[in-house]
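Have a look at start07.cif; it's mmCIF, C-alpha atoms and all ligand atoms:
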data_start
loop_
_atom_site.group_PDB
_atom_site.id
_atom_site.type_symbol
_atom_site.label_atom_id
_atom_site.label_comp_id
_atom_site.auth_asym_id
_atom_site.auth_seq_id
_atom_site.Cartn_x
_atom_site.Cartn_y
_atom_site.Cartn_z
ATOM 1 C CA MET A 1 126.518 226.432 153.443
ATOM 2 C CA SER A 2 124.383 229.528 153.864
ATOM 3 C CA ASP A 3 120.967 229.343 155.534
ATOM 4 C CA ILE A 4 119.230 230.064 152.255
ATOM 5 C CA ALA A 5 120.675 226.861 150.811
ATOM 6 C CA ARG A 6 120.054 224.780 153.933
ATOM 7 C CA PHE A 7 116.555 226.048 154.775
ATOM 8 C CA PRO A 8 115.285 227.629 151.610
ATOM 9 C CA VAL A 9 111.849 229.185 151.505
ATOM 10 C CA TYR A 10 109.859 227.300 148.901
ATOM 11 C CA ASP A 11 107.210 229.094 146.865
ATOM 12 C CA LEU A 12 105.914 226.564 144.363
ATOM 13 C CA HIS A 13 103.033 228.466 142.727
ATOM 14 C CA SER A 14 103.363 231.822 140.935
ATOM 15 C CA HIS A 15 102.276 233.690 137.799
ATOM 16 C CA THR A 16 103.912 236.010 135.282
ATOM 17 C CA ARG A 17 102.735 237.999 132.268
ATOM 18 C CA ALA A 18 102.895 234.738 130.299
ATOM 19 C CA SER A 19 99.390 234.239 131.768
ATOM 20 C CA ASP A 20 97.497 236.512 134.169
ATOM 21 C CA GLY A 21 100.363 237.744 136.362
ATOM 22 C CA LEU A 22 101.361 241.394 136.130
ATOM 23 C CA LEU A 23 105.143 241.049 136.447
ATOM 24 C CA THR A 24 107.536 239.900 133.758
ATOM 25 C CA PRO A 25 109.339 236.638 134.563
ATOM 26 C CA ALA A 26 112.509 238.665 135.262
ATOM 27 C CA GLU A 27 110.674 241.004 137.659
ATOM 28 C CA LEU A 28 109.043 238.046 139.425
ATOM 29 C CA VAL A 29 112.393 236.357 140.039
ATOM 30 C CA GLN A 30 113.962 239.600 141.302
ATOM 31 C CA ARG A 31 111.049 240.113 143.678
ATOM 32 C CA ALA A 32 111.248 236.509 144.912
ATOM 33 C CA VAL A 33 114.921 237.042 145.758
ATOM 34 C CA GLU A 34 114.034 240.242 147.658
ATOM 35 C CA MET A 35 111.475 238.198 149.606
ATOM 36 C CA ARG A 36 114.180 235.610 150.370
ATOM 37 C CA VAL A 37 112.540 232.835 148.404
ATOM 38 C CA GLY A 38 115.142 230.128 147.707
ATOM 39 C CA VAL A 39 113.092 227.930 145.363
ATOM 40 C CA LEU A 40 110.470 229.458 143.088
ATOM 41 C CA ALA A 41 108.222 227.572 140.665
ATOM 42 C CA ILE A 42 106.849 229.508 137.694
ATOM 43 C CA THR A 43 103.364 228.050 137.176
ATOM 44 C CA ASP A 44 101.452 230.072 134.611
ATOM 45 C CA HIS A 45 97.996 228.955 133.509
ATOM 46 C CA ASP A 46 98.438 226.320 130.778
ATOM 47 C CA SER A 47 101.716 227.910 129.704
ATOM 48 C CA VAL A 48 105.446 227.500 130.143
ATOM 49 C CA ALA A 49 106.303 230.619 128.140
ATOM 50 C CA GLY A 50 107.702 232.506 131.153
ATOM 51 C CA VAL A 51 110.021 229.777 132.392
ATOM 52 C CA GLU A 52 113.130 230.337 130.288
ATOM 53 C CA GLU A 53 113.320 234.092 130.906
ATOM 54 C CA ALA A 54 112.926 233.450 134.640
ATOM 55 C CA GLN A 55 115.697 230.843 134.705
ATOM 56 C CA GLN A 56 117.931 233.000 132.533
ATOM 57 C CA THR A 57 117.483 235.943 134.915
ATOM 58 C CA ALA A 58 118.627 233.827 137.852
ATOM 59 C CA ARG A 59 121.682 232.648 135.882
ATOM 60 C CA ASP A 60 122.615 236.029 134.384
ATOM 61 C CA HIS A 61 122.656 237.741 137.768
ATOM 62 C CA ASP A 62 123.926 234.717 139.702
ATOM 63 C CA LEU A 63 120.945 235.026 142.040
ATOM 64 C CA PRO A 64 120.602 232.820 145.155
ATOM 65 C CA ILE A 65 117.425 231.167 143.895
ATOM 66 C CA LYS A 66 116.460 227.995 142.104
ATOM 67 C CA VAL A 67 113.762 228.542 139.481
ATOM 68 C CA LEU A 68 111.645 225.485 138.695
ATOM 69 C CA ALA A 69 109.773 224.989 135.435
ATOM 70 C CA GLY A 70 106.070 224.511 136.037
ATOM 71 C CA ALA A 71 102.553 225.074 134.777
ATOM 72 C CA GLU A 72 99.081 225.275 136.324
ATOM 73 C CA ILE A 73 96.714 223.188 134.246
ATOM 74 C CA SER A 74 92.967 223.735 134.142
ATOM 75 C CA THR A 75 90.915 220.528 134.312
ATOM 76 C CA LEU A 76 87.274 219.594 134.676
ATOM 77 C CA TRP A 77 86.100 217.146 137.323
ATOM 78 C CA GLU A 78 82.441 216.568 138.200
ATOM 79 C CA ASN A 79 81.638 219.959 136.660
ATOM 80 C CA HIS A 80 84.211 221.752 138.838
ATOM 81 C CA GLU A 81 87.239 223.563 137.408
ATOM 82 C CA ILE A 82 90.182 221.995 139.219
ATOM 83 C CA HIS A 83 93.756 223.248 138.843
ATOM 84 C CA ILE A 84 96.729 220.866 138.726
ATOM 85 C CA VAL A 85 100.243 222.252 139.114
ATOM 86 C CA GLY A 86 103.068 220.442 137.348
ATOM 87 C CA LEU A 87 106.482 220.975 138.951
ATOM 88 C CA ASP A 88 109.902 220.459 137.403
ATOM 89 C CA ILE A 89 108.560 219.545 133.981
ATOM 90 C CA ASP A 90 110.567 219.350 130.769
ATOM 91 C CA ILE A 91 108.949 222.262 128.967
ATOM 92 C CA HIS A 92 110.143 221.038 125.564
ATOM 93 C CA HIS A 93 108.898 217.463 125.945
ATOM 94 C CA PRO A 94 106.595 216.652 122.991
ATOM 95 C CA ALA A 95 103.951 215.271 125.372
ATOM 96 C CA MET A 96 103.780 218.610 127.199
ATOM 97 C CA VAL A 97 104.002 220.748 124.049
ATOM 98 C CA THR A 98 101.117 218.850 122.402
ATOM 99 C CA PHE A 99 99.086 218.835 125.598
ATOM 100 C CA LEU A 100 99.421 222.586 126.135
ATOM 101 C CA ALA A 101 98.503 223.247 122.487
ATOM 102 C CA GLY A 102 95.194 221.458 123.196
ATOM 103 C CA GLN A 103 94.607 223.600 126.288
ATOM 104 C CA HIS A 104 95.331 226.715 124.209
ATOM 105 C CA ASP A 105 92.645 225.667 121.709
ATOM 106 C CA CYS A 106 90.161 225.358 124.587
ATOM 107 C CA ARG A 107 91.147 228.797 125.848
ATOM 108 C CA ARG A 108 90.808 230.433 122.419
ATOM 109 C CA THR A 109 87.356 228.929 121.860
ATOM 110 C CA ARG A 110 86.200 229.904 125.324
ATOM 111 C CA ALA A 111 87.570 233.451 125.019
ATOM 112 C CA GLN A 112 85.710 233.920 121.756
ATOM 113 C CA GLU A 113 82.458 232.773 123.368
ATOM 114 C CA ILE A 114 83.011 235.015 126.399
ATOM 115 C CA GLY A 115 83.462 237.935 123.989
ATOM 116 C CA GLU A 116 80.242 237.037 122.165
ATOM 117 C CA ARG A 117 78.248 236.738 125.376
ATOM 118 C CA LEU A 118 79.479 240.069 126.669
ATOM 119 C CA ALA A 119 78.699 241.669 123.285
ATOM 120 C CA LYS A 120 75.111 240.425 123.579
ATOM 121 C CA ALA A 121 75.023 242.083 127.013
ATOM 122 C CA ARG A 122 76.030 245.341 125.272
ATOM 123 C CA ILE A 123 79.683 245.212 126.249
ATOM 124 C CA PRO A 124 81.427 245.268 122.863
ATOM 125 C CA ASP A 125 85.048 244.493 121.990
ATOM 126 C CA ALA A 126 85.797 242.459 125.131
ATOM 127 C CA LEU A 127 87.804 239.810 123.258
ATOM 128 C CA ALA A 128 89.997 242.447 121.633
ATOM 129 C CA GLY A 129 90.374 244.181 125.006
ATOM 130 C CA ALA A 130 91.309 240.995 126.831
ATOM 131 C CA MET A 131 93.778 240.066 124.087
ATOM 132 C CA ARG A 132 95.389 243.489 124.287
ATOM 133 C CA LEU A 133 95.850 243.027 128.063
ATOM 134 C CA ALA A 134 97.143 239.462 127.597
ATOM 135 C CA ASP A 135 99.764 240.958 125.263
ATOM 136 C CA GLY A 136 100.531 237.723 123.449
ATOM 137 C CA GLY A 137 100.323 235.576 126.603
ATOM 138 C CA ILE A 138 97.685 233.044 127.556
ATOM 139 C CA ILE A 139 94.201 234.517 127.709
ATOM 140 C CA THR A 140 92.356 234.042 130.999
ATOM 141 C CA ARG A 141 89.230 235.299 132.686
ATOM 142 C CA GLY A 142 91.611 237.570 134.603
ATOM 143 C CA HIS A 143 92.183 239.549 131.388
ATOM 144 C CA PHE A 144 88.455 239.880 130.758
ATOM 145 C CA ALA A 145 88.127 241.012 134.375
ATOM 146 C CA ARG A 146 90.709 243.751 133.892
ATOM 147 C CA PHE A 147 89.049 244.847 130.659
ATOM 148 C CA LEU A 148 85.658 245.112 132.396
ATOM 149 C CA ILE A 149 87.199 247.155 135.213
ATOM 150 C CA GLU A 150 88.815 249.410 132.592
ATOM 151 C CA GLN A 151 85.360 249.901 131.072
ATOM 152 C CA GLY A 152 83.997 250.980 134.449
ATOM 153 C CA LYS A 153 81.785 247.894 134.802
ATOM 154 C CA ALA A 154 83.187 247.100 138.268
ATOM 155 C CA ASP A 155 85.645 248.529 140.778
ATOM 156 C CA ASN A 156 87.689 245.465 141.609
ATOM 157 C CA MET A 157 88.441 241.845 140.719
ATOM 158 C CA VAL A 158 86.173 240.287 143.327
ATOM 159 C CA GLN A 159 83.213 242.360 142.168
ATOM 160 C CA VAL A 160 83.828 241.814 138.477
ATOM 161 C CA PHE A 161 84.008 238.032 138.907
ATOM 162 C CA LYS A 162 80.922 238.024 141.067
ATOM 163 C CA ASN A 163 78.888 240.081 138.590
ATOM 164 C CA TYR A 164 80.184 238.960 135.193
ATOM 165 C CA LEU A 165 82.596 236.037 135.110
ATOM 166 C CA ALA A 166 81.627 233.547 137.816
ATOM 167 C CA ARG A 167 79.603 230.447 136.948
ATOM 168 C CA GLY A 168 76.121 231.365 135.804
ATOM 169 C CA LYS A 169 76.936 235.010 135.089
ATOM 170 C CA THR A 170 76.724 236.790 131.696
ATOM 171 C CA GLY A 171 80.343 236.238 130.761
ATOM 172 C CA TYR A 172 80.699 232.671 132.046
ATOM 173 C CA VAL A 173 81.257 229.974 129.462
ATOM 174 C CA PRO A 174 81.426 226.343 130.598
ATOM 175 C CA PRO A 175 84.955 225.337 129.553
ATOM 176 C CA GLN A 176 86.021 222.098 127.883
ATOM 177 C CA TRP A 177 89.156 221.420 129.905
ATOM 178 C CA CYS A 178 90.916 218.053 129.983
ATOM 179 C CA THR A 179 90.409 215.547 132.805
ATOM 180 C CA ILE A 180 92.517 215.437 135.965
ATOM 181 C CA LYS A 181 94.037 212.153 134.745
ATOM 182 C CA GLN A 182 95.051 213.659 131.392
ATOM 183 C CA ALA A 183 96.779 216.562 133.155
ATOM 184 C CA ILE A 184 98.614 214.230 135.553
ATOM 185 C CA ASP A 185 99.716 211.974 132.671
ATOM 186 C CA ALA A 186 101.064 214.910 130.643
ATOM 187 C CA ILE A 187 102.997 216.134 133.705
ATOM 188 C CA HIS A 188 104.436 212.658 134.357
ATOM 189 C CA HIS A 189 105.363 212.121 130.702
ATOM 190 C CA SER A 190 107.342 215.333 130.804
ATOM 191 C CA GLY A 191 109.168 214.262 133.957
ATOM 192 C CA GLY A 192 107.345 216.409 136.513
ATOM 193 C CA CYS A 193 105.352 215.821 139.660
ATOM 194 C CA ALA A 194 101.637 216.593 139.822
ATOM 195 C CA VAL A 195 100.229 218.762 142.604
ATOM 196 C CA LEU A 196 96.570 219.465 143.365
ATOM 197 C CA ALA A 197 96.370 223.270 143.551
ATOM 198 C CA HIS A 198 94.622 225.247 146.329
ATOM 199 C CA PRO A 199 92.146 222.509 147.361
ATOM 200 C CA GLY A 200 90.394 224.894 149.755
ATOM 201 C CA ARG A 201 89.392 227.304 147.012
ATOM 202 C CA TYR A 202 86.908 225.256 145.007
ATOM 203 C CA GLY A 203 83.981 225.896 147.305
ATOM 204 C CA LEU A 204 83.569 222.160 147.930
ATOM 205 C CA SER A 205 81.955 220.650 151.030
ATOM 206 C CA ALA A 206 84.193 218.433 153.182
ATOM 207 C CA LYS A 207 82.619 215.348 151.603
ATOM 208 C CA TRP A 208 83.327 216.510 148.038
ATOM 209 C CA LEU A 209 86.784 217.769 148.886
ATOM 210 C CA LYS A 210 87.659 214.329 150.276
ATOM 211 C CA ARG A 211 86.326 212.784 147.083
ATOM 212 C CA LEU A 212 88.432 215.146 144.972
ATOM 213 C CA VAL A 213 91.626 214.364 146.891
ATOM 214 C CA ALA A 214 90.957 210.620 146.674
ATOM 215 C CA HIS A 215 90.254 210.874 142.938
ATOM 216 C CA PHE A 216 93.428 212.895 142.389
ATOM 217 C CA ARG A 217 95.409 210.210 144.230
ATOM 218 C CA GLU A 218 93.798 207.379 142.258
ATOM 219 C CA ALA A 219 94.570 209.200 139.009
ATOM 220 C CA GLY A 220 98.262 209.109 139.974
ATOM 221 C CA GLY A 221 98.692 212.532 141.623
ATOM 222 C CA ASP A 222 101.798 213.064 143.764
ATOM 223 C CA ALA A 223 101.148 215.965 146.124
ATOM 224 C CA MET A 224 98.640 218.598 147.168
ATOM 225 C CA GLU A 225 99.010 222.197 148.225
ATOM 226 C CA VAL A 226 98.583 222.407 151.965
ATOM 227 C CA ALA A 227 99.940 225.889 152.689
ATOM 228 C CA GLN A 228 99.052 229.208 151.059
ATOM 229 C CA CYS A 229 99.577 232.664 152.509
ATOM 230 C CA GLN A 230 95.874 233.450 152.863
ATOM 231 C CA GLN A 231 94.104 230.630 154.698
ATOM 232 C CA ALA A 232 91.899 230.054 157.667
ATOM 233 C CA PRO A 233 94.180 228.598 160.375
ATOM 234 C CA ASN A 234 92.353 225.268 160.543
ATOM 235 C CA GLU A 235 92.347 224.864 156.749
ATOM 236 C CA ARG A 236 96.060 224.079 156.744
ATOM 237 C CA THR A 237 95.623 221.435 159.427
ATOM 238 C CA THR A 238 92.668 219.869 157.613
ATOM 239 C CA LEU A 239 94.502 219.766 154.281
ATOM 240 C CA ALA A 240 97.559 218.269 155.991
ATOM 241 C CA GLN A 241 95.335 215.490 157.308
ATOM 242 C CA TYR A 242 93.876 214.825 153.839
ATOM 243 C CA ALA A 243 97.388 214.672 152.399
ATOM 244 C CA ARG A 244 98.394 212.103 155.003
ATOM 245 C CA ASP A 245 95.217 210.066 154.600
ATOM 246 C CA ASN A 246 95.904 209.778 150.873
ATOM 247 C CA GLU A 247 99.683 209.376 151.107
ATOM 248 C CA LEU A 248 100.190 212.548 149.115
ATOM 249 C CA ALA A 249 103.203 214.772 149.679
ATOM 250 C CA ALA A 250 102.537 218.386 150.691
ATOM 251 C CA SER A 251 103.310 221.531 148.717
ATOM 252 C CA GLN A 252 103.087 225.249 149.406
ATOM 253 C CA GLY A 253 102.750 228.328 147.237
ATOM 254 C CA SER A 254 101.597 231.932 147.265
ATOM 255 C CA ASP A 255 99.765 231.842 143.891
ATOM 256 C CA PHE A 256 101.270 235.320 143.477
ATOM 257 C CA HIS A 257 99.801 237.291 140.538
ATOM 258 C CA GLN A 258 100.754 240.902 141.309
ATOM 259 C CA PRO A 259 102.050 243.080 144.121
ATOM 260 C CA CYS A 260 99.224 243.571 146.611
ATOM 261 C CA PRO A 261 98.987 243.989 150.388
ATOM 262 C CA TRP A 262 97.686 240.529 151.258
ATOM 263 C CA ILE A 263 99.572 238.106 149.012
ATOM 264 C CA GLU A 264 103.357 238.077 148.790
ATOM 265 C CA LEU A 265 105.949 235.690 147.452
ATOM 266 C CA GLY A 266 107.184 233.314 150.136
ATOM 267 C CA ARG A 267 105.034 234.819 152.877
ATOM 268 C CA LYS A 268 103.533 232.628 155.625
ATOM 269 C CA LEU A 269 104.463 229.460 153.797
ATOM 270 C CA TRP A 270 105.209 226.631 156.212
ATOM 271 C CA LEU A 271 103.990 223.052 156.444
ATOM 272 C CA PRO A 272 102.586 221.272 159.488
ATOM 273 C CA ALA A 273 105.141 218.831 160.891
ATOM 274 C CA ALA A 274 102.982 215.788 160.160
ATOM 275 C CA VAL A 275 103.278 215.943 156.352
ATOM 276 C CA GLU A 276 105.970 214.945 153.887
ATOM 277 C CA PRO A 277 107.180 218.028 151.971
ATOM 278 C CA VAL A 278 107.058 217.524 148.208
ATOM 279 C CA TRP A 279 110.734 218.518 147.946
ATOM 280 C CA GLU A 280 111.654 215.636 150.237
ATOM 281 C CA ARG A 281 109.742 213.118 148.147
ATOM 282 C CA PHE A 282 111.147 214.684 144.956
ATOM 283 C CA PRO A 283 114.686 215.837 145.797
ATOM 284 C CA ALA A 284 115.077 217.338 142.295
ATOM 285 C CA LEU A 285 112.954 220.225 143.607
ATOM 286 C CA ALA A 286 115.418 221.012 146.397
ATOM 287 C CA PRO A 287 118.368 223.339 145.818
ATOM 288 C CA GLY A 288 120.838 220.480 146.293
ATOM 289 C CA LEU A 289 124.297 221.502 145.188
ATOM 290 C CA THR A 290 123.119 224.146 142.746
ATOM 291 C CA ILE A 291 123.111 226.900 145.342
ATOM 292 C CA THR A 292 126.552 227.396 146.782
ATOM 293 C CA GLU A 293 127.908 229.241 149.768
ATOM 294 C CA ARG A 294 127.729 232.974 149.266
HETATM 295 P P1 LIG B 301 90.712 231.071 133.936
HETATM 296 O O1 LIG B 301 91.802 230.063 134.183
HETATM 297 O O2 LIG B 301 90.818 231.705 132.592
HETATM 298 O O3 LIG B 301 89.347 230.549 134.230
HETATM 299 O O4 LIG B 301 90.984 232.267 134.931
HETATM 300 C C1 LIG B 301 91.047 231.983 136.281
HETATM 301 C C2 LIG B 301 91.827 233.080 136.996
HETATM 302 O O5 LIG B 301 90.986 234.169 137.273
HETATM 303 C C3 LIG B 301 92.322 232.608 138.328
HETATM 304 O O6 LIG B 301 93.570 232.006 138.217
HETATM 305 C C4 LIG B 301 92.428 233.881 139.104
HETATM 306 O O7 LIG B 301 93.642 234.519 138.817
HETATM 307 C C5 LIG B 301 91.306 234.702 138.548
HETATM 308 N N1 LIG B 301 90.113 234.621 139.399
HETATM 309 C C6 LIG B 301 89.192 233.656 139.426
HETATM 310 N N2 LIG B 301 88.216 233.948 140.310
HETATM 311 C C7 LIG B 301 88.546 235.137 140.855
HETATM 312 C C8 LIG B 301 87.954 235.998 141.823
HETATM 313 N N3 LIG B 301 86.800 235.694 142.423
HETATM 314 N N4 LIG B 301 88.598 237.132 142.133
HETATM 315 C C9 LIG B 301 89.742 237.460 141.536
HETATM 316 N N5 LIG B 301 90.364 236.698 140.617
HETATM 317 C C10 LIG B 301 89.765 235.551 140.271
HETATM 318 MN MN MN B 302 95.259 233.326 137.704
HETATM 319 MN MN MN B 303 94.450 228.292 140.312
HETATM 320 MN MN MN B 304 97.539 230.004 140.217
#
The structure in this file should be written as structure tokens.
Amino acid sequence: MSDIARFPVYDLHSHTRASDGLLTPAELVQRAVEMRVGVLAITDHDSVAGVEEAQQTARDHDLPIKVLAGAEISTLWENHEIHIVGLDIDIHHPAMVTFLAGQHDCRRTRAQEIGERLAKARIPDALAGAMRLADGGIITRGHFARFLIEQGKADNMVQVFKNYLARGKTGYVPPQWCTIKQAIDAIHHSGGCAVLAHPGRYGLSAKWLKRLVAHFREAGGDAMEVAQCQQAPNERTTLAQYARDNELAASQGSDFHQPCPWIELGRKLWLPAAVEPVWERFPALAPGLTITER
């Protein structure tokens, strides 16, 4: 067996043009292979529309990569927007199809309201602009951000979120996402495992973060992301400890959206020795016999 099959690099969180990523699913898979990723999960926001093209690309070109079907689901918990990644889901399962249709309704309503708020702030046509950039994919605040940058309202993503789209700002609309439990149940019904995404990025104090992880576990969650490519060194150790304390498996992912200097597919993704990797608890995520000697 080749090393890539025996010790694959796992990147279990990534985005395509089906939501707010900039690459097509085919381009994302090709790039992942160049970066020596052996297992890639496609996890677009509330969408599985990129999965089949990504898997087809790997098959058509006989690429040394396993492409997992996933989605990153937006939920609301204690007034915080918490993201739950579903891995290895059946994208055609009626439970998932119906669930995602509900999330799409929430996104459409919210996008309309964002457009109205920006119009009142004398920024017209933002909904049309964001929809043009989404190009038929899921509409996210990322698309509004790009539209606002296009309009010269800000120079970069960080600035545009800070000034227009973050909580409390002109273009922020409190969303009506589902609960954490509803997201976990939909993932389980469609055969997947549920992973708490980027726990360090919600701006929670240690006390609230512990509460979130415990709640996620009680709601039936399976794993939490412990490793990302951009993290303070002690964050990984802390998250590993929370995973162990709550008997959650550990996941890792770049949350890649587009080529940029500081985030890359597969980069700096490793787990502290003390945790149980999610692909060991759920062997269906591992390459198994699907990747052969080459
Ligand atoms: P939504 O799910 O529609 O609320 O959009 C959230 C997405 O916007 C995230 O997945 C990020 O891709 C992007 N985003 C959120 N906050 C920021 C930020 N401060 N800087 C850059 N991108 C952000
Ligand atoms: Mn995003
Ligand atoms: Mn996220
Ligand atoms: Mn993401």
Residues returned when the PyMOL selection byres (((chain A and resi 270-285) around 7) and not hetatm) runs on this file, as a PDB file with C-alpha atoms, in the frame of the given file:
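Wrote it out as expr21.pdb, contents follow:
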ATOM      1  CA  ASP A  88     109.902 220.459 137.403  1.00  0.00           C
ATOM      2  CA  ALA A 223     101.148 215.965 146.124  1.00  0.00           C
ATOM      3  CA  ALA A 227      99.940 225.889 152.689  1.00  0.00           C
ATOM      4  CA  THR A 237      95.623 221.435 159.427  1.00  0.00           C
ATOM      5  CA  ALA A 240      97.559 218.269 155.991  1.00  0.00           C
ATOM      6  CA  ARG A 244      98.394 212.103 155.003  1.00  0.00           C
ATOM      7  CA  ALA A 249     103.203 214.772 149.679  1.00  0.00           C
ATOM      8  CA  ALA A 250     102.537 218.386 150.691  1.00  0.00           C
ATOM      9  CA  SER A 251     103.310 221.531 148.717  1.00  0.00           C
ATOM     10  CA  LYS A 268     103.533 232.628 155.625  1.00  0.00           C
ATOM     11  CA  LEU A 269     104.463 229.460 153.797  1.00  0.00           C
ATOM     12  CA  ALA A 286     115.418 221.012 146.397  1.00  0.00           C
ATOM     13  CA  PRO A 287     118.368 223.339 145.818  1.00  0.00           C
TER      14      PRO A 287
END
**Request:** Find the residues near ligand LIG 301 (chain B). Use a cut-off of 6 Å, count all atoms listed in the file, and write them as a VMD selection string.
**Result:** chain A and resid 140 to 142 157 to 158 161
**Message:** My list of candidates is A:Gln231, A:Ser74, A:Gln182, A:Ser254. Which is closest to Leu40 (chain A) when distances are computed with all atoms listed in the file?
**Reply:** A:Ser254
**Request:** For Gln176 (chain A), list every protein, DNA or RNA residue within 10 Å, evaluated using all atoms listed in the file, and leave out those in the same chain fewer than 4 positions away; present the list as an NGL selection string.
**Result:** :A and (74-76 or 81 or 103 or 105-107 or 109-110)
Contacts between ligand MN 302 (chain B) and chain A, please, where a residue of chain A counts if it comes within 10 Å (with all atoms listed in the file); show its shortest atom pair and distance in Å to one decimal, rows by chain and ascending number, as a tab-separated table.
residue	atom	partner	partner_atom	distance
A:Ser14	CA	B:MN302	MN	8.9
A:His15	CA	B:MN302	MN	7.0
A:Thr16	CA	B:MN302	MN	9.4
A:Ser19	CA	B:MN302	MN	7.3
A:Asp20	CA	B:MN302	MN	5.3
A:Gly21	CA	B:MN302	MN	6.9
A:Thr43	CA	B:MN302	MN	9.7
A:Asp44	CA	B:MN302	MN	7.6
A:His45	CA	B:MN302	MN	6.6
A:Glu72	CA	B:MN302	MN	9.0
A:Thr140	CA	B:MN302	MN	7.3
A:Arg141	CA	B:MN302	MN	8.1
A:Gly142	CA	B:MN302	MN	6.4
A:His143	CA	B:MN302	MN	9.4
A:Asp255	CA	B:MN302	MN	7.8
A:Phe256	CA	B:MN302	MN	8.6
A:His257	CA	B:MN302	MN	6.7
Output C-alpha atoms of each residue in that selection to a file, as a compact mmCIF listing (two decimals), in the coordinates of the input.
# COMPACT_ATOMS: atom_id res chain seq x y z
CA SER A 14 103.36 231.82 140.94
CA HIS A 15 102.28 233.69 137.80
CA THR A 16 103.91 236.01 135.28
CA SER A 19 99.39 234.24 131.77
CA ASP A 20 97.50 236.51 134.17
CA GLY A 21 100.36 237.74 136.36
CA THR A 43 103.36 228.05 137.18
CA ASP A 44 101.45 230.07 134.61
CA HIS A 45 98.00 228.96 133.51
CA GLU A 72 99.08 225.28 136.32
CA THR A 140 92.36 234.04 131.00
CA ARG A 141 89.23 235.30 132.69
CA GLY A 142 91.61 237.57 134.60
CA HIS A 143 92.18 239.55 131.39
CA ASP A 255 99.76 231.84 143.89
CA PHE A 256 101.27 235.32 143.48
CA HIS A 257 99.80 237.29 140.54
**Prompt:** If you apply the PyMOL selection byres (((not hetatm)) within 7 of (chain B and resi 303)) to this file, what residues do you get, as a ChimeraX atom specification?
**Reply:** /A:72,83,197-198
Resulting file, chosen residues, C-alpha atoms, as a PDB file, keeping the file's coordinate frame:
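Saved file out18.pdb follows:
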ATOM      1  CA  GLU A  72      99.081 225.275 136.324  1.00  0.00           C
ATOM      2  CA  HIS A  83      93.756 223.248 138.843  1.00  0.00           C
ATOM      3  CA  ALA A 197      96.370 223.270 143.551  1.00  0.00           C
ATOM      4  CA  HIS A 198      94.622 225.247 146.329  1.00  0.00           C
TER       5      HIS A 198
END
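Residues surrounding Pro174 (chain A) within 10 Å are Leu76, Asn79, His80, Glu81, Arg110, Glu113, Ile114, Arg167, Gly168, Gly171 and Trp177 of chain A [only C-alpha atoms; sequence separation below 3 positions excluded].
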**Closest of A:Leu239, A:Ala95, A:Ala41, A:Ala49 to ligand MN 304 (chain B) - atom-to-atom distances counting all atoms listed in the file** = A:Ala41
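Remark: for ligand MN 304 (chain B), the closest of the candidate residues A:Cys178, A:Val195, A:Ala145, A:Val29 is A:Val195 (distances computed over only C-alpha atoms and all ligand atoms).
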**Message:** Calculated over only C-alpha atoms and all ligand atoms, which of the candidates A:Val97, A:Ile123, A:Leu196, A:Ile184 has the smallest distance to ligand MN 304 (chain B)?
**Reply:**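 Answer, going by the shortest atom-to-atom distance: A:Leu196.
When all atoms listed in the file are used to measure the gap to ligand MN 304 (chain B), the shortest distance among A:His188, A:Arg217, A:Arg122, A:Arg201 belongs to A:Arg201.
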Polymer residues at most 8 Å from (109.8, 235.1, 150.4) by only C-alpha atoms, as an mmCIF file with C-alpha atoms, keeping the file's coordinate frame:
data_model
loop_
_atom_site.group_PDB
_atom_site.id
_atom_site.type_symbol
_atom_site.label_atom_id
_atom_site.label_comp_id
_atom_site.auth_asym_id
_atom_site.auth_seq_id
_atom_site.Cartn_x
_atom_site.Cartn_y
_atom_site.Cartn_z
ATOM 1 C CA VAL A 9 111.849 229.185 151.505
ATOM 2 C CA TYR A 10 109.859 227.300 148.901
ATOM 3 C CA ASP A 11 107.210 229.094 146.865
ATOM 4 C CA ALA A 32 111.248 236.509 144.912
ATOM 5 C CA VAL A 33 114.921 237.042 145.758
ATOM 6 C CA GLU A 34 114.034 240.242 147.658
ATOM 7 C CA MET A 35 111.475 238.198 149.606
ATOM 8 C CA ARG A 36 114.180 235.610 150.370
ATOM 9 C CA VAL A 37 112.540 232.835 148.404
ATOM 10 C CA GLY A 38 115.142 230.128 147.707
ATOM 11 C CA GLU A 264 103.357 238.077 148.790
ATOM 12 C CA LEU A 265 105.949 235.690 147.452
ATOM 13 C CA GLY A 266 107.184 233.314 150.136
ATOM 14 C CA ARG A 267 105.034 234.819 152.877
#
**Item:** d(CA of Arg59 (chain A), CA of Gly137 (chain A)) in Å
**Value:**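 Atom-to-atom, CA of Arg59 (chain A) and CA of Gly137 (chain A) are spaced 23.5 Å apart.
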**Message:** Quick check, in Å to one decimal: how far apart do CA of Asn246 (chain A) and CA of Leu12 (chain A) lie?
**Reply:**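 Interatomic distance, CA of Asn246 (chain A) to CA of Leu12 (chain A): 20.6 Å.
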**Request:** Decode the PyMOL selection byres (((chain A and resi 90) around 10) and not hetatm) for the given file into explicit residues and return them as JSON, numbers by chain.
**Result:** {"A": [48, 69, 70, 87, 88, 89, 91, 92, 93, 94, 95, 96, 97, 187, 188, 189, 190, 191, 192]}
**Message:** My list of candidates is A:Lys207, A:Lys181, A:Lys66, A:His104. Which is closest to Gly221 (chain A) when distances are computed with all atoms listed in the file?
**Reply:**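 Using all atoms listed in the file, the shortest distance to Gly221 (chain A) belongs to A:Lys181.
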**Gap from CA of Thr57 (chain A) to CA of Leu133 (chain A) - Å, one decimal** =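 These two atoms are separated by 23.8 Å.
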